[in-house]
$ cat run-v4.pdb   # PDB, C-alpha atoms
MODEL        1
ATOM      1  CA  SER A 513       0.000   0.000   0.000
ATOM      2  CA  PHE A 514       1.009   3.630  -0.470
ATOM      3  CA  GLY A 515      -0.307   6.680   1.338
ATOM      4  CA  ILE A 516       0.150  10.416   1.698
ATOM      5  CA  HIS A 517      -0.860  12.749   4.534
ATOM      6  CA  PHE A 518      -1.285  16.541   4.379
ATOM      7  CA  ARG A 519      -1.579  19.061   7.228
ATOM      8  CA  ASP A 520      -1.929  22.818   6.850
ATOM      9  CA  ASN A 521       0.098  23.188  10.062
ATOM     10  CA  PRO A 522       2.574  20.586  11.420
ATOM     11  CA  GLU A 523       1.690  21.201  15.089
ATOM     12  CA  ARG A 524      -1.888  22.546  15.210
ATOM     13  CA  PRO A 525      -3.634  21.786  11.926
ATOM     14  CA  SER A 526      -7.125  23.110  11.219
ATOM     15  CA  PHE A 527      -7.358  20.941   8.102
ATOM     16  CA  GLU A 528      -5.724  17.666   7.219
ATOM     17  CA  ALA A 529      -6.286  14.977   4.635
ATOM     18  CA  ALA A 530      -4.932  11.472   4.086
ATOM     19  CA  TYR A 531      -5.103   9.179   1.075
ATOM     20  CA  GLU A 532      -4.093   5.522   0.824
ATOM     21  CA  VAL A 533      -4.205   3.072  -2.062
ATOM     22  CA  GLY A 534      -3.562  -0.640  -1.623
ATOM     23  CA  LEU A 535      -2.998  -3.529  -4.034
ATOM     24  CA  HIS A 536      -4.363  -6.858  -2.780
ATOM     25  CA  ARG A 537      -3.307 -10.250  -4.130
ATOM     26  CA  TYR A 538      -4.100 -13.626  -2.501
ATOM     27  CA  THR A 539      -2.942 -17.153  -3.169
ATOM     28  CA  ASN A 540      -5.427 -19.972  -3.956
ATOM     29  CA  THR A 541      -8.216 -17.472  -4.729
ATOM     30  CA  ASP A 542      -8.782 -14.261  -6.645
ATOM     31  CA  GLU A 543     -12.043 -13.403  -4.859
ATOM     32  CA  PHE A 544     -10.401 -10.719  -2.747
ATOM     33  CA  ASP A 545      -7.912  -9.435  -5.328
ATOM     34  CA  ARG A 546      -8.534  -5.726  -5.748
ATOM     35  CA  VAL A 547      -7.246  -2.172  -5.502
ATOM     36  CA  SER A 548      -8.595  -0.412  -2.403
ATOM     37  CA  GLN A 549      -8.659   3.322  -1.755
ATOM     38  CA  ASN A 550      -9.276   5.419   1.336
ATOM     39  CA  LEU A 551      -9.658   9.185   1.633
ATOM     40  CA  THR A 552     -10.064  10.987   4.969
ATOM     41  CA  ALA A 553     -10.514  14.725   5.489
ATOM     42  CA  VAL A 554     -10.697  16.465   8.885
ATOM     43  CA  TYR A 555     -11.609  20.071   9.697
ATOM     44  CA  ARG A 556     -11.182  21.553  13.198
ATOM     45  CA  LYS A 557     -12.553  24.837  14.525
ATOM     46  CA  GLN A 558     -12.740  26.559  17.898
ATOM     47  CA  LEU A 559     -16.362  27.501  18.611
ATOM     48  CA  ILE A 560     -16.033  29.263  21.959
ATOM     49  CA  LYS A 561     -13.484  29.213  24.754
ATOM     50  CA  ARG A 562     -12.567  25.567  25.539
ATOM     51  CA  LEU A 563     -15.141  24.146  23.087
ATOM     52  CA  TYR A 564     -13.953  22.790  19.750
ATOM     53  CA  SER A 565     -15.565  21.191  16.726
ATOM     54  CA  ARG A 566     -14.089  18.400  14.599
ATOM     55  CA  THR A 567     -15.776  17.353  11.346
ATOM     56  CA  THR A 568     -14.566  14.211   9.571
ATOM     57  CA  THR A 569     -15.443  12.744   6.188
ATOM     58  CA  ASP A 570     -14.152   9.277   5.335
ATOM     59  CA  ILE A 571     -14.576   7.417   2.043
ATOM     60  CA  SER A 572     -13.334   3.848   1.690
ATOM     61  CA  LEU A 573     -13.621   1.987  -1.628
ATOM     62  CA  LYS A 574     -13.150  -1.787  -1.921
ATOM     63  CA  GLY A 575     -12.423  -2.220   1.776
ATOM     64  CA  SER A 576      -9.197  -1.249   3.508
ATOM     65  CA  SER A 577      -5.602  -2.357   3.174
ATOM     66  CA  GLU A 578      -5.893  -4.494   6.321
ATOM     67  CA  ASP A 579      -8.848  -6.827   5.691
ATOM     68  CA  ARG A 580     -10.674  -8.932   3.112
ATOM     69  CA  GLU A 581     -13.866  -6.895   2.992
ATOM     70  CA  ILE A 582     -14.584  -5.467  -0.448
ATOM     71  CA  ASN A 583     -17.410  -3.104   0.482
ATOM     72  CA  ASN A 584     -17.558   0.684   0.128
ATOM     73  CA  ASN A 585     -17.993   2.904   3.197
ATOM     74  CA  TYR A 586     -19.081   6.541   3.367
ATOM     75  CA  VAL A 587     -18.868   8.206   6.799
ATOM     76  CA  PHE A 588     -19.712  11.683   8.045
ATOM     77  CA  GLU A 589     -18.784  12.283  11.698
ATOM     78  CA  GLN A 590     -19.254  15.314  13.934
ATOM     79  CA  GLN A 591     -17.362  15.629  17.199
ATOM     80  CA  LEU A 592     -17.515  18.249  19.954
ATOM     81  CA  GLN A 593     -14.587  18.504  22.331
ATOM     82  CA  TYR A 594     -14.406  20.360  25.643
ATOM     83  CA  ARG A 595     -11.040  21.123  27.249
ATOM     84  CA  PHE A 596     -11.106  21.444  31.028
ATOM     85  CA  ASN A 597      -7.457  22.478  30.989
ATOM     86  CA  SER A 598      -4.319  21.864  28.940
ATOM     87  CA  ASN A 599      -4.111  18.226  30.122
ATOM     88  CA  THR A 600      -7.719  16.994  30.263
ATOM     89  CA  ARG A 601     -10.335  16.939  27.541
ATOM     90  CA  VAL A 602     -13.587  15.092  26.840
ATOM     91  CA  ALA A 603     -15.403  14.597  23.550
ATOM     92  CA  ALA A 604     -18.794  13.435  22.310
ATOM     93  CA  LEU A 605     -19.390  12.289  18.751
ATOM     94  CA  ALA A 606     -22.105  11.137  16.362
ATOM     95  CA  ALA A 607     -21.769   9.731  12.858
ATOM     96  CA  TYR A 608     -23.813   8.612   9.894
ATOM     97  CA  ARG A 609     -22.295   5.735   7.909
ATOM     98  CA  VAL A 610     -23.466   4.049   4.714
ATOM     99  CA  LYS A 611     -22.145   0.623   3.688
ATOM    100  CA  ARG A 612     -22.468  -0.727   0.151
ATOM    101  CA  TYR A 613     -21.460  -4.250  -0.914
ATOM    102  CA  PRO A 614     -21.092  -5.992  -4.311
ATOM    103  CA  VAL A 615     -24.319  -7.233  -5.935
ATOM    104  CA  VAL A 616     -23.828 -10.803  -4.669
ATOM    105  CA  ASP A 617     -23.811  -9.491  -1.065
ATOM    106  CA  GLN A 618     -26.228  -6.590  -1.429
ATOM    107  CA  ASP A 619     -28.402  -7.902   1.437
ATOM    108  CA  SER A 620     -25.604  -6.621   3.690
ATOM    109  CA  ASN A 621     -26.041  -3.044   2.461
ATOM    110  CA  SER A 622     -26.801  -0.977   5.523
ATOM    111  CA  ILE A 623     -26.906   2.280   7.410
ATOM    112  CA  ASP A 624     -24.653   1.970  10.443
ATOM    113  CA  SER A 625     -24.888   5.143  12.532
ATOM    114  CA  TYR A 626     -23.087   5.459  15.858
ATOM    115  CA  VAL A 627     -22.536   7.680  18.888
ATOM    116  CA  GLY A 628     -19.709   7.711  21.378
ATOM    117  CA  ALA A 629     -17.573   9.543  23.913
ATOM    118  CA  LYS A 630     -13.959   9.630  25.044
ATOM    119  CA  ILE A 631     -11.719  11.245  27.626
ATOM    120  CA  GLU A 632      -8.051  12.083  27.148
ATOM    121  CA  GLN A 633      -5.518  12.787  29.889
ATOM    122  CA  ARG A 634      -1.992  14.049  29.284
ATOM    123  CA  LEU A 635       0.610  12.967  31.829
ATOM    124  CA  ARG A 636       4.103  14.001  32.806
ATOM    125  CA  GLY A 637       6.859  13.298  30.340
ATOM    126  CA  ASP A 638       4.636  14.019  27.317
ATOM    127  CA  ARG A 639       2.678  10.805  27.875
ATOM    128  CA  ARG A 640      -0.974  10.415  26.961
ATOM    129  CA  VAL A 641      -3.790   8.026  27.887
ATOM    130  CA  GLU A 642      -7.282   7.895  26.369
ATOM    131  CA  LEU A 643     -10.456   5.956  27.203
ATOM    132  CA  GLY A 644     -13.288   5.648  24.696
ATOM    133  CA  TYR A 645     -16.719   4.108  24.174
ATOM    134  CA  ARG A 646     -18.850   3.774  21.036
ATOM    135  CA  TYR A 647     -22.315   2.367  20.361
ATOM    136  CA  ASP A 648     -23.463   1.615  16.842
ATOM    137  CA  HIS A 649     -26.612   0.108  15.361
ATOM    138  CA  ASN A 650     -26.291  -1.589  11.973
ATOM    139  CA  ARG A 651     -29.580  -1.604  10.012
ATOM    140  CA  ALA A 652     -29.186  -3.788   6.921
ATOM    141  CA  TRP A 653     -31.407  -4.569   3.937
ATOM    142  CA  ASN A 654     -31.622  -8.140   5.232
ATOM    143  CA  PRO A 655     -32.744  -8.128   8.912
ATOM    144  CA  ARG A 656     -30.454 -11.106   9.572
ATOM    145  CA  ASN A 657     -27.534  -8.699   9.316
ATOM    146  CA  ASN A 658     -28.888  -6.233  11.878
ATOM    147  CA  TYR A 659     -26.714  -5.956  14.968
ATOM    148  CA  ILE A 660     -25.726  -3.737  17.869
ATOM    149  CA  ARG A 661     -22.019  -3.304  18.501
ATOM    150  CA  ARG A 662     -20.172  -1.644  21.336
ATOM    151  CA  ARG A 663     -16.522  -0.607  21.264
ATOM    152  CA  TYR A 664     -14.331  -0.060  24.318
ATOM    153  CA  THR A 665     -10.879   1.425  23.685
ATOM    154  CA  LEU A 666      -7.782   2.189  25.712
ATOM    155  CA  GLU A 667      -4.847   4.075  24.189
ATOM    156  CA  PHE A 668      -1.442   4.929  25.630
ATOM    157  CA  GLN A 669       1.419   6.863  24.041
ATOM    158  CA  THR A 670       4.852   7.686  25.418
ATOM    159  CA  PRO A 671       8.100   9.123  24.017
ATOM    160  CA  LEU A 672      11.142   6.854  23.954
ATOM    161  CA  SER A 673      14.065   9.173  23.289
ATOM    162  CA  ARG A 674      14.085  12.962  23.007
ATOM    163  CA  ARG A 675      17.349  12.803  21.069
ATOM    164  CA  ARG A 676      15.837  10.516  18.402
ATOM    165  CA  ARG A 677      12.409  12.192  18.734
ATOM    166  CA  ASP A 678      10.600   8.868  18.599
ATOM    167  CA  SER A 679       7.608   7.432  20.444
ATOM    168  CA  VAL A 680       5.556   4.269  20.793
ATOM    169  CA  GLY A 681       1.808   3.964  21.129
ATOM    170  CA  ALA A 682      -0.506   1.072  21.962
ATOM    171  CA  GLU A 683      -4.249   0.775  21.408
ATOM    172  CA  PHE A 684      -6.445  -1.959  22.871
ATOM    173  CA  ARG A 685      -9.986  -2.480  21.538
ATOM    174  CA  TYR A 686     -12.765  -4.783  22.717
ATOM    175  CA  ASN A 687     -15.783  -5.053  20.397
ATOM    176  CA  PRO A 688     -18.782  -7.172  21.489
ATOM    177  CA  ARG A 689     -21.496  -7.598  18.838
ATOM    178  CA  ASP A 690     -25.081  -8.822  19.319
ATOM    179  CA  TYR A 691     -27.161  -9.895  16.311
ATOM    180  CA  GLN A 692     -30.853  -9.100  16.588
ATOM    181  CA  ASN A 693     -32.235 -11.686  14.144
ATOM    182  CA  ARG A 694     -29.613 -14.424  14.029
ATOM    183  CA  THR A 695     -29.081 -17.415  16.302
ATOM    184  CA  THR A 696     -26.384 -20.028  16.806
ATOM    185  CA  ARG A 697     -26.298 -23.399  18.530
ATOM    186  CA  VAL A 698     -24.526 -23.657  21.906
ATOM    187  CA  ASN A 699     -24.605 -27.012  23.718
ATOM    188  CA  GLY A 700     -27.531 -28.080  21.563
ATOM    189  CA  VAL A 701     -29.594 -24.945  22.296
ATOM    190  CA  ARG A 702     -30.352 -22.124  19.848
ATOM    191  CA  VAL A 703     -29.311 -18.780  21.361
ATOM    192  CA  PRO A 704     -28.915 -15.245  19.937
ATOM    193  CA  ARG A 705     -25.559 -14.908  18.192
ATOM    194  CA  HIS A 706     -22.920 -12.944  20.092
ATOM    195  CA  ASP A 707     -19.409 -12.196  18.776
ATOM    196  CA  ASP A 708     -16.390 -10.795  20.637
ATOM    197  CA  ARG A 709     -13.350  -9.228  19.009
ATOM    198  CA  TRP A 710     -10.118  -8.255  20.774
ATOM    199  CA  VAL A 711      -7.506  -6.108  19.001
ATOM    200  CA  LEU A 712      -4.103  -4.782  20.081
ATOM    201  CA  ASP A 713      -2.201  -2.316  17.862
ATOM    202  CA  ILE A 714       1.337  -1.080  18.559
ATOM    203  CA  ILE A 715       2.793   1.807  16.536
ATOM    204  CA  TYR A 716       6.352   3.146  16.515
ATOM    205  CA  GLU A 717       6.835   6.696  15.202
ATOM    206  CA  ARG A 718       9.983   8.730  14.640
ATOM    207  CA  ALA A 719      10.397  12.354  13.532
ATOM    208  CA  ILE A 720      12.842  12.615  10.648
ATOM    209  CA  ARG A 721      12.477  16.377  10.223
ATOM    210  CA  PRO A 722      10.268  18.995  11.896
ATOM    211  CA  ASN A 723       7.650  18.512   9.158
ATOM    212  CA  LEU A 724       8.262  14.841   8.319
ATOM    213  CA  SER A 725       7.750  11.687  10.425
ATOM    214  CA  MET A 726       7.934   7.940   9.832
ATOM    215  CA  ALA A 727       5.666   5.294  11.450
TER
ENDMDL
END
$ encode --input "run-v4.pdb" --output "structure tokens"
Amino acid sequence: SFGIHFRDNPERPSFEAAYEVGLHRYTNTDEFDRVSQNLTAVYRKQLIKRLYSRTTTDISLKGSSEDREINNNYVFEQQLQYRFNSNTRVAALAAYRVKRYPVVDQDSNSIDSYVGAKIEQRLRGDRRVELGYRYDHNRAWNPRNNYIRRRYTLEFQTPLSRRRRDSVGAEFRYNPRDYQNRTTRVNGVRVPRHDDRWVLDIIYERAIRPNLSMA
């Protein structure tokens, strides 16, 4: 995959955009072979003292570079952030998302809107920790694909060396999902389907120049 990222200001951007294109090739099957694209644009604005707005538009075509989904996603998200002080801030968000799949899977086409909140705390030594929660309701063309999903996140970031200007960050996500019109068999009994997903991401980042970084 290849991507580019633009900011109108390296430290405090009011607008930024990112684009990524990925080439996918699999062995033993060509079902998931494709070229995926993702475009994200973010606009930030201070509304009043300590209250900020963040508007995000995200378009993903043919899935992402990290999975085998080949659907298209269109997301519009609005976030309001309140800063208690320079170290503590809370945010509330709401989003409208449209998912579109190939014709063979069009029953999965859906509107998947969500709401959420998060709190961020900056610590000594330029460290940062963030807790987040999100609730989304997927409403598909086929009711079997309707579900309610919750997302719990914990992020932590810390610098490693001021001389090298590098840092490491970790994000843990827990995503339970409950299907509203689908069952599965457990110990011979049909029960509503419930899925759990656990994800851990670790990212290393290093500043090469004041306006250029590598991750």
$ residues_around --input "run-v4.pdb" --residues "A:Arg656" --least-positions-apart "5" --cutoff "12 Å" --atoms "all atoms listed in the file" --output "list in words"
Asp619, Ser620, Asn621, Ser622, Asn650, Arg651, Asp690, Tyr691, Gln692, Asn693, Arg694, Thr695, Pro704 and Arg705 of chain A
$ residues_around --input "run-v4.pdb" --residues "stretch 542-552 of chain A" --least-positions-apart "6" --cutoff "8 Å" --atoms "all atoms listed in the file" --output "MDAnalysis selection string"
chainID A and resid 529:536 568:577 580:582
$ resolve_selection --input "run-v4.pdb" --expression "the PyMOL selection byres ((chain A and resi 686) around 8)" --output "NGL selection string"
:A and (663-665 or 684-685 or 687-688 or 708-711)
$ atom_distance --input "run-v4.pdb" --atom1 "atom CA of A:Lys561" --atom2 "atom CA of A:Glu642"
22.3 Å
$ residues_around --input "run-v4.pdb" --residues "A:Thr670" --least-positions-apart "4" --cutoff "7 Å" --atoms "all atoms listed in the file" --output "number ranges by chain"
A: 638-640, 679-681
$ write_last_selection --input "run-v4.pdb" --atoms "C-alpha atoms" --output "compact mmCIF listing (two decimals), in the frame of the given file"
# COMPACT_ATOMS: atom_id res chain seq x y z
CA ASP A 638 4.64 14.02 27.32
CA ARG A 639 2.68 10.80 27.88
CA ARG A 640 -0.97 10.42 26.96
CA SER A 679 7.61 7.43 20.44
CA VAL A 680 5.56 4.27 20.79
CA GLY A 681 1.81 3.96 21.13
$ closest_residue --input "run-v4.pdb" --among "A:Lys557, A:Arg662, A:Arg677, A:Arg702" --to "A:Glu717" --atoms "all atoms listed in the file"
A:Arg677
$ atom_distance --input "run-v4.pdb" --atom1 "atom CA of A:Leu605" --atom2 "atom CA of A:Glu523"
23.2 Å
$ residues_around --input "run-v4.pdb" --residues "A:Arg601" --least-positions-apart "5" --cutoff "7 Å" --atoms "all atoms listed in the file" --output "ChimeraX atom specification"
/A:593-596,631-633
$ closest_residue --input "run-v4.pdb" --among "A:His517, A:Pro614, A:Ser673, A:Gly700" --to "A:Gly637" --atoms "all atoms listed in the file"
A:Ser673
$ residues_near_point --input "run-v4.pdb" --point "(-9.8, 17.2, 17.5)" --cutoff "10 Å" --atoms "all atoms listed in the file" --output "list in words"
Arg524, Pro525, Ser526, Val554, Tyr555, Arg556, Lys557, Gln558, Tyr564, Ser565, Arg566, Thr567, Thr568, Gln591, Leu592, Gln593, Tyr594 and Ala603 of chain A
$ axis_aligned_box --input "run-v4.pdb" --around "stretch 666-683 of chain A" --padding-each-side "5 Å" --output "JSON"
{"center_x": 4.8, "center_y": 6.9, "center_z": 22.1, "size_x": 35.1, "size_y": 22.2, "size_z": 17.3}
$ closest_residue --input "run-v4.pdb" --among "A:His649, A:Leu643, A:Ala719, A:Arg636" --to "A:Arg609" --atoms "only C-alpha atoms"
A:His649
